[in-house]
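Enquirer: Quick one: the structure is below, and I'll ask about it shortly.
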Amino acid sequence: MDFDFSEEQMQLRQAVRKLLGHHGDVQAARRVLECGGDYDAQLWRAMSGMGLPGAAIAADHGGSGLGYLELCVIAEELGRSLAPVPMLSSIYLAAEIIKLAGSSTQKMAWLPALAAGTKIGTVAFAGASGAAMHFDGRVLRGAYFPVADGAIADFAIVFARSADCNRPRPFLVDLQGAGVRRARIETIDPTRPHARLELDGAAAEPLAQGNDDSLACLLDRVAVMLAFEQIGGAERALTMARDYALERVAFGRKIGSFQAVKHLLADMFVSVALARGNAFYAAWALDRDAADLPCAAAGAHVSASKAFRHCASNNIQVHGGTGFTWEFDCHLFYRRAQLLALALGQPAYWEARLLRHLPNRTAPSVAAV
């Protein structure tokens, strides 16, 4: 089995990398961090002009109609450059739940705008904290935080309970309407802003096909795409550490020649390689809508989260005293690694989900590594 992208997908990777490099690469994230913005609007418009947000949205709904594998390629490059754009909230989350649970009317109303980047969506679910959301048949009441891009989103899909169902189901809320209060909150990575979302009598529209399983199905899909973002960031951190080790001289030798530094770099490489194997398997399961998707997605998220945090931390260690300074980019990767590890809920949830869905067989699969 060939676990790699096709030649056309590699060409897409190069085009995305060129676009991100034109807009400053990692420095785009630093500009947002230092200037206090919410996201890089110019970069988002450029990405939308290339059709990147709509990669996995059907052409009938205004998207590029490429597929999930192409979206994974894009996600990896966004992770590599720490792109400060609302891809997670608007595309991985909001677009996917509308594709999964929306009616044909709801899809036509929102997916073209999401694909074009003219609207930003987000999703608030029980993985966040706050008072439980409740739908009384007409309006929503409750609060969730942190909600990714909650302060800039035009609408939100809110998972809430109702009188006829005690398990959360998806409802669409216009965040420009009455009964909505939003407040920005501080997180470890301000280049991916979050907010507290409070609804007090906000009008809501249930997603027509939403059911008790919608949230789990959504998180499985998002976990795959997020894993590729994490792998992109982890591999970039590894590259940064390797390059620094080959140029920094201490005691008359390049530090890359010291055994301790070699071990750090080798461990980082192994982490990325294992995470990439799990992510490719999950991408295949997502693209084929395979029965193994819950197991594969959980394995990909667990391994990619650990790999990114491991590589980001070791990158700082290899850089030594300078690695802790504001001027070096190491802390940007460390911030993003910590944030993405919790973006879809606590690690314990995903580890338990992985164990619950492991198949009964004697030989371990790549998803179980």
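All residue names refer to the structure tokens as shown: chains lettered A, B, ... in order, residues numbered from 1 in each chain, ligands numbered from 1 in order.
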Find the spatial neighbours of Gly142 (chain A), counting only C-alpha atoms, within a cut-off of 7 Å - ignore same-chain residues fewer than 2 positions away - and output them as a list in words.
Expert: Ala131, Ala132, Met133, His134, Leu140, Glu198, Leu199 and Asp200 of chain A
Enquirer: Next, dump the selected residues to file, keeping only C-alpha atoms, as an mmCIF file, in the first residue's frame.
Expert:
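Output file out.cif is given in full below:
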```cif
data_model
loop_
_atom_site.group_PDB
_atom_site.id
_atom_site.type_symbol
_atom_site.label_atom_id
_atom_site.label_comp_id
_atom_site.auth_asym_id
_atom_site.auth_seq_id
_atom_site.Cartn_x
_atom_site.Cartn_y
_atom_site.Cartn_z
ATOM 1 C CA ALA A 131 -23.630 26.279 31.052
ATOM 2 C CA ALA A 132 -25.240 23.612 28.889
ATOM 3 C CA MET A 133 -27.087 24.910 25.851
ATOM 4 C CA HIS A 134 -30.826 24.251 25.828
ATOM 5 C CA LEU A 140 -31.421 28.823 22.557
ATOM 6 C CA GLU A 198 -23.586 33.428 25.417
ATOM 7 C CA LEU A 199 -27.063 32.913 23.999
ATOM 8 C CA ASP A 200 -30.106 34.253 25.811
#
```
Enquirer: If you run DSSP over the backbone, which residues in region 79-311 of chain A end up strand (DSSP E)? Put them as number ranges by chain.
Expert: A: 121-124, 134-135, 139-148, 155-162, 165-174, 180-185, 194-203, 205-206, 249-250, 253-254
Enquirer: Any chance you can output those residues with C-alpha atoms as an mmCIF file, in the first residue's frame?
Expert:
```cif
data_model
loop_
_atom_site.group_PDB
_atom_site.id
_atom_site.type_symbol
_atom_site.label_atom_id
_atom_site.label_comp_id
_atom_site.auth_asym_id
_atom_site.auth_seq_id
_atom_site.Cartn_x
_atom_site.Cartn_y
_atom_site.Cartn_z
ATOM 1 C CA GLY A 121 -18.719 29.914 10.618
ATOM 2 C CA THR A 122 -17.879 28.125 13.833
ATOM 3 C CA VAL A 123 -19.162 25.288 15.997
ATOM 4 C CA ALA A 124 -19.870 25.325 19.733
ATOM 5 C CA HIS A 134 -30.826 24.251 25.828
ATOM 6 C CA PHE A 135 -33.303 24.597 22.975
ATOM 7 C CA VAL A 139 -34.729 29.830 20.959
ATOM 8 C CA LEU A 140 -31.421 28.823 22.557
ATOM 9 C CA ARG A 141 -30.125 29.631 26.028
ATOM 10 C CA GLY A 142 -26.761 28.845 27.561
ATOM 11 C CA ALA A 143 -23.052 29.524 27.111
ATOM 12 C CA TYR A 144 -19.960 27.802 25.766
ATOM 13 C CA PHE A 145 -16.283 28.726 25.894
ATOM 14 C CA PRO A 146 -13.790 28.646 24.358
ATOM 15 C CA VAL A 147 -15.349 28.772 20.875
ATOM 16 C CA ALA A 148 -12.861 28.968 18.003
ATOM 17 C CA PHE A 155 -22.922 32.197 12.356
ATOM 18 C CA ALA A 156 -22.454 29.234 14.657
ATOM 19 C CA ILE A 157 -23.635 25.661 14.758
ATOM 20 C CA VAL A 158 -24.465 25.074 18.406
ATOM 21 C CA PHE A 159 -24.930 21.628 19.893
ATOM 22 C CA ALA A 160 -27.755 21.852 22.414
ATOM 23 C CA ARG A 161 -30.199 19.653 24.265
ATOM 24 C CA SER A 162 -33.957 19.943 23.985
ATOM 25 C CA CYS A 165 -33.814 14.735 23.431
ATOM 26 C CA ASN A 166 -31.263 14.840 26.230
ATOM 27 C CA ARG A 167 -28.332 14.358 23.870
ATOM 28 C CA PRO A 168 -26.953 17.406 22.038
ATOM 29 C CA ARG A 169 -28.105 18.071 18.471
ATOM 30 C CA PRO A 170 -26.959 20.800 16.038
ATOM 31 C CA PHE A 171 -28.755 24.146 15.669
ATOM 32 C CA LEU A 172 -27.785 27.055 13.426
ATOM 33 C CA VAL A 173 -27.600 30.522 15.005
ATOM 34 C CA ASP A 174 -27.028 33.866 13.298
ATOM 35 C CA VAL A 180 -26.206 36.860 21.285
ATOM 36 C CA ARG A 181 -23.294 38.069 23.404
ATOM 37 C CA ARG A 182 -19.676 37.403 22.531
ATOM 38 C CA ALA A 183 -16.506 38.187 24.428
ATOM 39 C CA ARG A 184 -12.931 37.439 23.418
ATOM 40 C CA ILE A 185 -10.948 35.287 25.833
ATOM 41 C CA HIS A 194 -11.359 32.167 20.823
ATOM 42 C CA ALA A 195 -14.399 33.662 22.504
ATOM 43 C CA ARG A 196 -17.091 33.043 25.074
ATOM 44 C CA LEU A 197 -20.465 32.640 23.381
ATOM 45 C CA GLU A 198 -23.586 33.428 25.417
ATOM 46 C CA LEU A 199 -27.063 32.913 23.999
ATOM 47 C CA ASP A 200 -30.106 34.253 25.811
ATOM 48 C CA GLY A 201 -33.199 33.824 23.687
ATOM 49 C CA ALA A 202 -31.296 33.655 20.392
ATOM 50 C CA ALA A 203 -33.350 32.388 17.457
ATOM 51 C CA GLU A 205 -32.799 26.699 13.301
ATOM 52 C CA PRO A 206 -32.191 22.955 13.739
ATOM 53 C CA VAL A 249 28.781 25.914 17.269
ATOM 54 C CA ALA A 250 29.637 25.181 20.915
ATOM 55 C CA ARG A 253 31.860 21.770 17.354
ATOM 56 C CA LYS A 254 28.456 22.009 15.745
#
```
Enquirer: Where in region 104-198 of chain A does DSSP assign alpha helix (DSSP H), given as a list in words?
Expert: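 Of region 104-198 of chain A, only Ser104, Thr105, Gln106, Lys107, Met108, Ala109, Trp110, Leu111, Pro112, Ala113, Leu114, Ala115 and Ala116 of chain A fall in alpha helix (DSSP H).
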Enquirer: Save out the residues we just selected, N, CA and C atoms, as a JSON list (two decimals), in the first residue's frame.
Expert:
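Result file is out-v8.json:
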```json
[["chain", "number", "residue", "atom", "x", "y", "z"],
["A", 104, "SER", "N", -30.90, 20.23, 2.04],
["A", 104, "SER", "CA", -30.43, 20.77, 0.76],
["A", 104, "SER", "C", -30.53, 22.30, 0.75],
["A", 105, "THR", "N", -31.59, 22.82, 1.38],
["A", 105, "THR", "CA", -31.75, 24.28, 1.46],
["A", 105, "THR", "C", -30.66, 24.90, 2.31],
["A", 106, "GLN", "N", -30.37, 24.30, 3.45],
["A", 106, "GLN", "CA", -29.33, 24.83, 4.33],
["A", 106, "GLN", "C", -27.95, 24.74, 3.67],
["A", 107, "LYS", "N", -27.71, 23.69, 2.94],
["A", 107, "LYS", "CA", -26.43, 23.56, 2.25],
["A", 107, "LYS", "C", -26.28, 24.65, 1.18],
["A", 108, "MET", "N", -27.33, 24.89, 0.42],
["A", 108, "MET", "CA", -27.26, 25.92, -0.62],
["A", 108, "MET", "C", -27.16, 27.32, -0.01],
["A", 109, "ALA", "N", -27.68, 27.50, 1.18],
["A", 109, "ALA", "CA", -27.66, 28.82, 1.81],
["A", 109, "ALA", "C", -26.28, 29.16, 2.38],
["A", 110, "TRP", "N", -25.53, 28.15, 2.86],
["A", 110, "TRP", "CA", -24.31, 28.45, 3.61],
["A", 110, "TRP", "C", -23.03, 27.93, 2.99],
["A", 111, "LEU", "N", -23.06, 26.78, 2.34],
["A", 111, "LEU", "CA", -21.81, 26.21, 1.83],
["A", 111, "LEU", "C", -21.13, 27.09, 0.76],
["A", 112, "PRO", "N", -21.85, 27.68, -0.19],
["A", 112, "PRO", "CA", -21.17, 28.53, -1.17],
["A", 112, "PRO", "C", -20.44, 29.71, -0.51],
["A", 113, "ALA", "N", -21.05, 30.31, 0.51],
["A", 113, "ALA", "CA", -20.41, 31.44, 1.19],
["A", 113, "ALA", "C", -19.19, 30.99, 1.98],
["A", 114, "LEU", "N", -19.25, 29.81, 2.58],
["A", 114, "LEU", "CA", -18.10, 29.28, 3.30],
["A", 114, "LEU", "C", -16.97, 28.96, 2.33],
["A", 115, "ALA", "N", -17.31, 28.35, 1.20],
["A", 115, "ALA", "CA", -16.30, 28.00, 0.21],
["A", 115, "ALA", "C", -15.63, 29.24, -0.37],
["A", 116, "ALA", "N", -16.40, 30.32, -0.53],
["A", 116, "ALA", "CA", -15.86, 31.56, -1.08],
["A", 116, "ALA", "C", -15.15, 32.40, -0.04]]
```
Enquirer: Report the distance between CA of Leu207 (chain A) and CA of Gly102 (chain A) in Å, rounded to one decimal place.
Expert: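 Answer for the CA of Leu207 (chain A) to CA of Gly102 (chain A) separation: 4.9 Å.
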Enquirer: List as an mmCIF file with N, CA and C atoms, in the first residue's frame the protein and nucleic acid residues near region 320-332 of chain A, meaning an atom at most 12 Å away when only C-alpha atoms are counted, but skip any in the same chain fewer than 6 places from it.
Expert:
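After the write, result33.cif holds the following:
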```
data_model
loop_
_atom_site.group_PDB
_atom_site.id
_atom_site.type_symbol
_atom_site.label_atom_id
_atom_site.label_comp_id
_atom_site.auth_asym_id
_atom_site.auth_seq_id
_atom_site.Cartn_x
_atom_site.Cartn_y
_atom_site.Cartn_z
ATOM 1 N N ASP A 25 4.692 33.419 5.267
ATOM 2 C CA ASP A 25 4.931 32.148 5.940
ATOM 3 C C ASP A 25 4.652 32.296 7.444
ATOM 4 N N VAL A 26 5.575 31.876 8.296
ATOM 5 C CA VAL A 26 5.366 31.950 9.750
ATOM 6 C C VAL A 26 5.243 33.386 10.228
ATOM 7 N N GLN A 27 5.841 34.323 9.504
ATOM 8 C CA GLN A 27 5.783 35.726 9.932
ATOM 9 C C GLN A 27 4.361 36.287 9.894
ATOM 10 N N ALA A 28 3.470 35.662 9.129
ATOM 11 C CA ALA A 28 2.070 36.100 9.143
ATOM 12 C C ALA A 28 1.465 35.874 10.517
ATOM 13 N N ALA A 29 1.788 34.729 11.139
ATOM 14 C CA ALA A 29 1.305 34.462 12.499
ATOM 15 C C ALA A 29 1.913 35.440 13.491
ATOM 16 N N ARG A 30 3.184 35.757 13.310
ATOM 17 C CA ARG A 30 3.829 36.709 14.225
ATOM 18 C C ARG A 30 3.206 38.096 14.110
ATOM 19 N N ARG A 31 2.848 38.502 12.894
ATOM 20 C CA ARG A 31 2.205 39.814 12.726
ATOM 21 C C ARG A 31 0.882 39.873 13.477
ATOM 22 N N VAL A 32 0.091 38.816 13.379
ATOM 23 C CA VAL A 32 -1.185 38.789 14.091
ATOM 24 C C VAL A 32 -0.953 38.805 15.596
ATOM 25 N N LEU A 33 0.046 38.056 16.053
ATOM 26 C CA LEU A 33 0.342 37.999 17.479
ATOM 27 C C LEU A 33 0.775 39.357 18.017
ATOM 28 N N GLU A 34 1.648 40.029 17.294
ATOM 29 C CA GLU A 34 2.213 41.278 17.791
ATOM 30 C C GLU A 34 1.296 42.474 17.560
ATOM 31 N N GLY A 79 -0.539 24.058 8.668
ATOM 32 C CA GLY A 79 0.136 23.769 9.917
ATOM 33 C C GLY A 79 1.617 24.072 9.853
ATOM 34 N N ARG A 80 2.215 23.824 8.725
ATOM 35 C CA ARG A 80 3.647 24.081 8.553
ATOM 36 C C ARG A 80 3.970 25.561 8.688
ATOM 37 N N SER A 81 3.053 26.432 8.233
ATOM 38 C CA SER A 81 3.303 27.874 8.282
ATOM 39 C C SER A 81 2.573 28.560 9.435
ATOM 40 N N LEU A 82 1.854 27.774 10.249
ATOM 41 C CA LEU A 82 1.068 28.330 11.356
ATOM 42 C C LEU A 82 0.094 29.399 10.853
ATOM 43 N N ALA A 83 -0.513 29.166 9.716
ATOM 44 C CA ALA A 83 -1.353 30.182 9.066
ATOM 45 C C ALA A 83 -2.451 30.683 10.010
ATOM 46 N N PRO A 84 -2.540 31.995 10.229
ATOM 47 C CA PRO A 84 -3.553 32.574 11.118
ATOM 48 C C PRO A 84 -4.859 32.845 10.373
ATOM 49 N N ILE A 188 -3.496 30.410 24.933
ATOM 50 C CA ILE A 188 -2.047 30.343 24.796
ATOM 51 C C ILE A 188 -1.596 30.776 23.405
ATOM 52 N N ASP A 189 -2.493 30.706 22.409
ATOM 53 C CA ASP A 189 -2.130 31.070 21.034
ATOM 54 C C ASP A 189 -3.113 32.104 20.486
ATOM 55 N N PRO A 190 -2.818 33.393 20.645
ATOM 56 C CA PRO A 190 -3.725 34.441 20.155
ATOM 57 C C PRO A 190 -3.869 34.478 18.635
ATOM 58 N N THR A 191 -3.004 33.785 17.892
ATOM 59 C CA THR A 191 -3.151 33.778 16.437
ATOM 60 C C THR A 191 -4.315 32.901 15.994
ATOM 61 N N ARG A 192 -4.889 32.144 16.893
ATOM 62 C CA ARG A 192 -6.127 31.398 16.661
ATOM 63 C C ARG A 192 -7.117 31.854 17.737
ATOM 64 N N GLY A 233 3.006 21.217 11.422
ATOM 65 C CA GLY A 233 3.709 21.994 12.434
ATOM 66 C C GLY A 233 4.840 21.220 13.070
ATOM 67 N N ALA A 234 4.609 19.929 13.344
ATOM 68 C CA ALA A 234 5.642 19.101 13.970
ATOM 69 C C ALA A 234 6.858 18.944 13.058
ATOM 70 N N ARG A 236 7.794 20.960 10.669
ATOM 71 C CA ARG A 236 8.492 22.242 10.566
ATOM 72 C C ARG A 236 9.353 22.483 11.805
ATOM 73 N N ALA A 237 8.847 22.127 12.984
ATOM 74 C CA ALA A 237 9.637 22.269 14.211
ATOM 75 C C ALA A 237 10.868 21.377 14.161
ATOM 76 N N LEU A 238 10.718 20.175 13.639
ATOM 77 C CA LEU A 238 11.856 19.274 13.479
ATOM 78 C C LEU A 238 12.887 19.868 12.528
ATOM 79 N N THR A 239 12.435 20.423 11.421
ATOM 80 C CA THR A 239 13.344 21.036 10.457
ATOM 81 C C THR A 239 14.086 22.216 11.073
ATOM 82 N N MET A 240 13.370 23.039 11.835
ATOM 83 C CA MET A 240 14.001 24.173 12.506
ATOM 84 C C MET A 240 15.094 23.698 13.456
ATOM 85 N N ALA A 241 14.805 22.660 14.231
ATOM 86 C CA ALA A 241 15.777 22.138 15.190
ATOM 87 C C ALA A 241 16.992 21.553 14.480
ATOM 88 N N TYR A 244 19.167 24.386 12.967
ATOM 89 C CA TYR A 244 19.911 25.111 14.004
ATOM 90 C C TYR A 244 21.065 24.268 14.532
ATOM 91 N N ALA A 245 20.824 22.953 14.696
ATOM 92 C CA ALA A 245 21.872 22.072 15.202
ATOM 93 C C ALA A 245 23.039 21.962 14.231
ATOM 94 N N ARG A 248 24.807 25.915 14.691
ATOM 95 C CA ARG A 248 25.235 26.436 15.988
ATOM 96 C C ARG A 248 26.492 25.711 16.436
ATOM 97 N N ALA A 250 29.337 25.095 19.480
ATOM 98 C CA ALA A 250 29.637 25.181 20.915
ATOM 99 C C ALA A 250 30.838 24.289 21.210
ATOM 100 N N ILE A 255 26.641 21.721 17.324
ATOM 101 C CA ILE A 255 25.939 20.992 18.383
ATOM 102 C C ILE A 255 25.229 19.751 17.853
ATOM 103 N N VAL A 261 21.986 15.815 21.465
ATOM 104 C CA VAL A 261 21.190 16.515 20.457
ATOM 105 C C VAL A 261 20.729 15.537 19.377
ATOM 106 N N ARG A 309 3.350 18.340 20.058
ATOM 107 C CA ARG A 309 3.793 18.853 21.351
ATOM 108 C C ARG A 309 5.232 18.432 21.636
ATOM 109 N N CYS A 311 7.638 17.644 19.392
ATOM 110 C CA CYS A 311 8.579 18.335 18.512
ATOM 111 C C CYS A 311 8.708 19.815 18.864
ATOM 112 N N ALA A 312 7.594 20.451 19.206
ATOM 113 C CA ALA A 312 7.652 21.862 19.576
ATOM 114 C C ALA A 312 8.467 22.075 20.840
ATOM 115 N N SER A 313 8.321 21.163 21.794
ATOM 116 C CA SER A 313 9.086 21.265 23.042
ATOM 117 C C SER A 313 10.569 20.997 22.804
ATOM 118 N N ASN A 314 10.879 19.940 22.052
ATOM 119 C CA ASN A 314 12.281 19.617 21.776
ATOM 120 C C ASN A 314 12.954 20.675 20.915
ATOM 121 N N GLN A 338 0.099 23.314 21.749
ATOM 122 C CA GLN A 338 -0.723 23.176 22.961
ATOM 123 C C GLN A 338 -2.187 23.446 22.653
ATOM 124 N N LEU A 339 -2.444 24.436 21.810
ATOM 125 C CA LEU A 339 -3.823 24.793 21.490
ATOM 126 C C LEU A 339 -4.528 23.680 20.718
#
```
Enquirer: Excluding Ala348 (chain A) and residues on its chain fewer than 6 positions from it, collect all residues at most 12 Å away from it, counting only C-alpha atoms, and give them as a compact mmCIF listing (two decimals) with N, CA and C atoms, in the first residue's frame.
Expert:
```txt
# COMPACT_ATOMS: atom_id res chain seq x y z
N GLY A 127 -17.65 19.93 24.19
CA GLY A 127 -16.25 19.84 24.58
C GLY A 127 -15.78 21.11 25.24
N ALA A 298 -9.32 8.67 15.73
CA ALA A 298 -8.83 8.80 17.10
C ALA A 298 -7.33 8.52 17.16
N HIS A 301 -5.48 11.54 15.71
CA HIS A 301 -5.49 12.72 16.58
C HIS A 301 -4.57 12.53 17.78
N VAL A 302 -4.61 11.35 18.39
CA VAL A 302 -3.76 11.10 19.56
C VAL A 302 -2.28 11.18 19.18
N SER A 305 -1.22 14.83 17.98
CA SER A 305 -1.14 15.76 19.11
C SER A 305 0.15 15.55 19.89
N ALA A 341 -3.89 20.55 20.53
CA ALA A 341 -4.05 19.31 21.29
C ALA A 341 -5.37 19.29 22.06
N LEU A 342 -5.91 20.48 22.36
CA LEU A 342 -7.15 20.58 23.12
C LEU A 342 -8.33 21.09 22.28
N LEU A 354 -10.25 5.84 21.11
CA LEU A 354 -9.38 4.94 20.35
C LEU A 354 -9.48 3.52 20.91
N LEU A 355 -9.38 3.37 22.23
CA LEU A 355 -9.45 2.04 22.84
C LEU A 355 -10.82 1.40 22.60
```
Enquirer: Contacts of Glu8 (chain A) at 12 Å or less, counting only C-alpha atoms, minus same-chain residues fewer than 5 places along, as a PDB file with C-alpha atoms, in the first residue's frame?
Expert:
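The resulting part28.pdb:
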```pdb
ATOM      1  CA  ARG A  13       1.089  21.293  -1.976  1.00  0.00           C
ATOM      2  CA  GLN A  14       3.687  23.361  -3.820  1.00  0.00           C
ATOM      3  CA  ALA A  15       1.066  25.888  -4.934  1.00  0.00           C
ATOM      4  CA  LEU A  66     -11.499  18.197  -5.042  1.00  0.00           C
ATOM      5  CA  LEU A  69      -7.211  14.084   0.480  1.00  0.00           C
ATOM      6  CA  GLU A  70      -6.609  17.474  -1.114  1.00  0.00           C
ATOM      7  CA  VAL A  73      -2.669  18.417   1.813  1.00  0.00           C
TER       8      VAL A  73
END
```
Enquirer: Here is a test: counting only C-alpha atoms, which residue of A:Gly299, A:Gly24, A:Gly232, A:Gly277 is nearest to Cys72 (chain A)?
Expert: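 Once distances to Cys72 (chain A) are computed over only C-alpha atoms, the minimum belongs to A:Gly232.
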Enquirer: Give me the residues within 10 Å of Ala55 (chain A) as a ChimeraX atom specification, counting only C-alpha atoms and dropping any in the same chain fewer than 3 places off.
Expert: /A:48,50-52,58-59,62-72,74,91,115
Enquirer: Name the closest residue to Ala41 (chain A) among the candidates A:Ile152, A:Met10, A:Ala95, A:Leu219; distances are taken between atoms, counting only C-alpha atoms.
Expert: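 Of A:Ile152, A:Met10, A:Ala95, A:Leu219, the one nearest Ala41 (chain A) is A:Ile152, counting only C-alpha atoms.
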Enquirer: From the options A:Cys217, A:Leu78, A:Ala46, A:Ala204, which residue's atoms come nearest to Glu96 (chain A), counting only C-alpha atoms?
Expert: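 Ranked by minimum distance to Glu96 (chain A), first place goes to A:Cys217.
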Enquirer: Give me, as number ranges by chain, all polymer residues having an atom no more than 8 Å from Leu264 (chain A), counting only C-alpha atoms and skipping those fewer than 4 positions away in the same chain.
Expert: A: 260, 268, 314, 318
